[in-house]
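First the structure, in the form of structure tokens, and then the observations on it.
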Amino acid sequence: MKCRVCKGPAVIDVRRHNAAFCKDHFVHHCDEQVRRAIHSHRMLEPGERVLVAVSGGKDSLALWDILVRLGYEADGLYLGLGIGDYSDESGVYTRAFAEQLGRPLIEVDLAADQGYTIPEAAAATRRAPCGA
Amino acid sequence: MKVLLRNPKREVEVEGPITVHALLQRFELIPETVLVIVGDELVTHDRKLPDDASVEIRPVISGGSGGST
């Protein structure tokens with residue numbers, strides 16, 4: 001399978017676009033998809049300031065990266081949920097990513113700022129953590 | 001070949017050579033829902049994998065605190 005753009009070896013097959021891409025052209029394809037979505041849904045003006053809520057996972061960090069690359073003044077917002085090692089690890093990833101990106105990261109720690117963690121809120125409300 | 005799968009995490013031995021497409025069919029996986037990695041390289045569904053390949057099949061959707069995916 002070959003890259004639709006450069007005809008070099010493809011690393012990913014995007015079936016819904018009936019296309020395959022090499023690494024560099026896949027990244028460019030993702031940038032273009034985000035740029036078009038912002039434009040067609042009139043989400044943001046060029047160069048506008050944006051606050052991106054990031055979890056530390058690949059999806060939100062990738063979006064933050066793309067928005068910066070597209071020229072937006074995008075800062076990160078990370079919510080420390082207090083879910084044990086999971087939250088600690090997510091925070092480490094997010095801080096390292098912000099530093100690499102060279103953009104400010106605003107952190108809100110639920111335990112320190114609000115006096116409860118998500119597991120505590122889930123127990124108090126008798127709900128699953130996602131719905132607490 | 002050794003195939004590393006997630007959810008649950010397990011390692012399965014599969015006889016090669018086999019295409020990525022056929023490998024995914026064997027595990028009843030929908031191609032759009034996973035990335036197939038050989039070494040540190042992503043591979044497309046038409047790639048034929050040799051018997052000595054070390055393959056990882058990683059779901060594209062992850063998150064939550066239910067363990068690493």
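Chain lettering (A, B, ...) mirrors the order of the structure tokens, residue numbering begins at 1 for each chain separately, and ligand numbering begins at 1 in order of display.
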
Select from chain B everything DSSP, run on the backbone, classes as helix (DSSP H, G or I), then give the selection as a PyMOL selection string. chain B and resi 20-26+31-33

Write a file of the selected residues as a PDB file, in the first residue's frame, keeping N, CA and C atoms.
```
ATOM      1  N   VAL B  20      -1.787  -8.886   7.362  1.00  0.00           N
ATOM      2  CA  VAL B  20      -2.400  -8.187   8.505  1.00  0.00           C
ATOM      3  C   VAL B  20      -3.916  -8.360   8.444  1.00  0.00           C
ATOM      4  N   HIS B  21      -4.458  -8.255   7.252  1.00  0.00           N
ATOM      5  CA  HIS B  21      -5.905  -8.398   7.052  1.00  0.00           C
ATOM      6  C   HIS B  21      -6.392  -9.753   7.585  1.00  0.00           C
ATOM      7  N   ALA B  22      -5.688 -10.823   7.215  1.00  0.00           N
ATOM      8  CA  ALA B  22      -6.078 -12.172   7.641  1.00  0.00           C
ATOM      9  C   ALA B  22      -5.879 -12.343   9.145  1.00  0.00           C
ATOM     10  N   LEU B  23      -4.825 -11.721   9.670  1.00  0.00           N
ATOM     11  CA  LEU B  23      -4.557 -11.807  11.112  1.00  0.00           C
ATOM     12  C   LEU B  23      -5.708 -11.176  11.901  1.00  0.00           C
ATOM     13  N   LEU B  24      -6.174 -10.025  11.435  1.00  0.00           N
ATOM     14  CA  LEU B  24      -7.278  -9.347  12.128  1.00  0.00           C
ATOM     15  C   LEU B  24      -8.565 -10.164  12.028  1.00  0.00           C
ATOM     16  N   GLN B  25      -8.766 -10.785  10.878  1.00  0.00           N
ATOM     17  CA  GLN B  25      -9.947 -11.653  10.705  1.00  0.00           C
ATOM     18  C   GLN B  25      -9.911 -12.813  11.693  1.00  0.00           C
ATOM     19  N   ARG B  26      -8.697 -13.359  11.884  1.00  0.00           N
ATOM     20  CA  ARG B  26      -8.552 -14.500  12.795  1.00  0.00           C
ATOM     21  C   ARG B  26      -9.004 -14.141  14.215  1.00  0.00           C
ATOM     22  N   PRO B  31     -10.864  -3.790  11.340  1.00  0.00           N
ATOM     23  CA  PRO B  31      -9.602  -3.107  11.029  1.00  0.00           C
ATOM     24  C   PRO B  31      -9.540  -1.651  11.494  1.00  0.00           C
ATOM     25  N   GLU B  32     -10.663  -0.914  11.409  1.00  0.00           N
ATOM     26  CA  GLU B  32     -10.646   0.505  11.783  1.00  0.00           C
ATOM     27  C   GLU B  32     -10.486   0.731  13.288  1.00  0.00           C
ATOM     28  N   THR B  33     -10.623  -0.339  14.070  1.00  0.00           N
ATOM     29  CA  THR B  33     -10.595  -0.153  15.528  1.00  0.00           C
ATOM     30  C   THR B  33      -9.226  -0.441  16.156  1.00  0.00           C
TER      31      THR B  33
END
```

Do me a favour and pick out the residues of chain A within 6 Å of chain B, using only C-alpha atoms, as a compact mmCIF listing (two decimals) with N, CA, C and O atoms, in the first residue's frame.
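In the end it all went to part02.txt:
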```
# COMPACT_ATOMS: atom_id res chain seq x y z
N VAL A 11 1.94 3.80 6.09
CA VAL A 11 1.93 3.19 7.43
C VAL A 11 0.50 3.10 7.97
O VAL A 11 0.27 2.42 8.97
N ILE A 12 -0.43 3.79 7.33
CA ILE A 12 -1.80 3.74 7.84
C ILE A 12 -2.80 3.84 6.69
O ILE A 12 -2.58 4.58 5.72
N ASP A 13 -3.86 3.06 6.85
CA ASP A 13 -4.90 2.98 5.83
C ASP A 13 -6.16 3.65 6.40
O ASP A 13 -6.70 3.17 7.40
N TYR A 86 -3.43 6.45 38.35
CA TYR A 86 -3.88 6.84 37.00
C TYR A 86 -3.77 8.35 36.82
O TYR A 86 -3.24 8.84 35.82
```

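Minimum distance to Cys130 in chain A across A:Asp88, A:Ser60, A:Ile66, A:Leu81 (counting only C-alpha atoms) occurs at A:Leu81.
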
Show which residues sit within 9 Å of Arg49 in chain A, as a list in words. Count only C-alpha atoms, and ignore same-chain residues fewer than 4 positions away. Leu44, Glu45, Tyr72, Glu73, Ala74 and Asp75 of chain A

Using only C-alpha atoms for the distances, tell me which of A:Glu48, A:Arg4, A:Val14, A:Thr94 is nearest to Val34 in chain B. A:Val14

Spatial neighbours of Tyr78 in chain A, max dist 7 Å, only C-alpha atoms, sep filter under 5 positions, as number ranges by chain: A: 53-55, 106-108

Kindly save the residues from that selection, with N, CA and C atoms included, as a PDB file, in the first residue's frame.
```pdb
ATOM      1  N   ALA A  53      -8.966  21.384  27.104  1.00  0.00           N
ATOM      2  CA  ALA A  53      -9.018  20.488  28.255  1.00  0.00           C
ATOM      3  C   ALA A  53      -8.315  19.185  27.879  1.00  0.00           C
ATOM      4  N   VAL A  54      -7.249  18.873  28.615  1.00  0.00           N
ATOM      5  CA  VAL A  54      -6.447  17.688  28.270  1.00  0.00           C
ATOM      6  C   VAL A  54      -6.451  16.691  29.426  1.00  0.00           C
ATOM      7  N   SER A  55      -6.542  15.418  29.054  1.00  0.00           N
ATOM      8  CA  SER A  55      -6.583  14.357  30.078  1.00  0.00           C
ATOM      9  C   SER A  55      -5.219  13.727  30.298  1.00  0.00           C
ATOM     10  N   ILE A 106      -2.554  25.056  32.631  1.00  0.00           N
ATOM     11  CA  ILE A 106      -3.267  25.425  33.863  1.00  0.00           C
ATOM     12  C   ILE A 106      -3.708  24.125  34.529  1.00  0.00           C
ATOM     13  N   GLU A 107      -3.407  23.996  35.814  1.00  0.00           N
ATOM     14  CA  GLU A 107      -3.795  22.774  36.529  1.00  0.00           C
ATOM     15  C   GLU A 107      -4.811  23.076  37.621  1.00  0.00           C
ATOM     16  N   VAL A 108      -5.844  22.274  37.676  1.00  0.00           N
ATOM     17  CA  VAL A 108      -6.820  22.350  38.765  1.00  0.00           C
ATOM     18  C   VAL A 108      -6.808  20.985  39.456  1.00  0.00           C
TER      19      VAL A 108
END
```

Please identify all polymer residues within 7 Å of Cys3 in chain A, counting only C-alpha atoms, omitting same-chain residues fewer than 4 positions from it, and present them as number ranges by chain. A: 7-10, 20-22

Write out, as a PDB file, in the first residue's frame, the residues just selected, with N, CA and C atoms.
```pdb
ATOM      1  N   LYS A   7       3.494   8.585  -2.672  1.00  0.00           N
ATOM      2  CA  LYS A   7       3.651   7.242  -3.258  1.00  0.00           C
ATOM      3  C   LYS A   7       4.728   6.411  -2.567  1.00  0.00           C
ATOM      4  N   GLY A   8       5.227   6.896  -1.415  1.00  0.00           N
ATOM      5  CA  GLY A   8       6.157   6.104  -0.616  1.00  0.00           C
ATOM      6  C   GLY A   8       5.380   5.052   0.161  1.00  0.00           C
ATOM      7  N   PRO A   9       6.093   4.194   0.936  1.00  0.00           N
ATOM      8  CA  PRO A   9       5.387   3.157   1.705  1.00  0.00           C
ATOM      9  C   PRO A   9       4.412   3.775   2.715  1.00  0.00           C
ATOM     10  N   ALA A  10       3.179   3.258   2.740  1.00  0.00           N
ATOM     11  CA  ALA A  10       2.170   3.783   3.670  1.00  0.00           C
ATOM     12  C   ALA A  10       2.297   3.091   5.018  1.00  0.00           C
ATOM     13  N   ALA A  20      -4.409   5.825   1.843  1.00  0.00           N
ATOM     14  CA  ALA A  20      -3.357   5.417   2.770  1.00  0.00           C
ATOM     15  C   ALA A  20      -2.301   6.518   2.782  1.00  0.00           C
ATOM     16  N   PHE A  21      -1.581   6.632   3.897  1.00  0.00           N
ATOM     17  CA  PHE A  21      -0.593   7.714   4.033  1.00  0.00           C
ATOM     18  C   PHE A  21       0.700   7.208   4.676  1.00  0.00           C
ATOM     19  N   CYS A  22       1.811   7.882   4.348  1.00  0.00           N
ATOM     20  CA  CYS A  22       3.050   7.688   5.107  1.00  0.00           C
ATOM     21  C   CYS A  22       2.911   8.514   6.394  1.00  0.00           C
TER      22      CYS A  22
END
```
